Amino acid sequence: MAGYQTWRKLGRFVRKGEKGIAIIAPLIRRKSETESLDAAEQESIVRGFKVAHIFSEEQTEGEPLPEIGTVTGDPGYYLSHLERFVRENGLELRYSDEIAPRAGNG
């Protein structure tokens, strides 16, 4: 689900006559006293709300959306890459016996 302009940015267009779902969307603006800060550091506040319409992919036409990739092959190979990525980025990786066994492992 996305708004009209978001679909356009994705190379898709809402078909003529389609009815969107109305949602309440926040109106966000930057605080005026932080004007001197760069855009990444500025604080935003909710100024109010407006009605916006969103549309599903089935209501649009155009470029196909990117698909999520699938992983094939030995999962141990990918696990070692994931563990290395976690270490290199200073993240914490914890294993838990509370998680149900993977499919196919009893």
# chains A, B, ... in the order shown; residues from 1 in each chain; ligands from 1
>>> residues_around(residues="Glu18 of chain A", least_positions_apart="5", cutoff="12 Å", atoms="only C-alpha atoms", output="NGL selection string")
:A and (4 or 13 or 53-61)
>>> residues_around(residues="Pro26 of chain A", least_positions_apart="5", cutoff="10 Å", atoms="only C-alpha atoms", output="MDAnalysis selection string")
chainID A and resid 45:52
>>> select_by_dssp(residues="chain A", states="strand (DSSP E)", output="PyMOL selection string")
chain A and resi 2-3+12-14+21-30+44-55+60-62
>>> select_by_dssp(residues="chain A", states="alpha helix (DSSP H)", output="number ranges by chain")
A: 4-9, 75-88
>>> atom_distance(atom1="atom CA of Glu43 of chain A", atom2="atom CA of Ile28 of chain A")
10.1 Å
>>> atom_distance(atom1="atom CA of Glu83 of chain A", atom2="atom CA of Asp97 of chain A")
17.8 Å
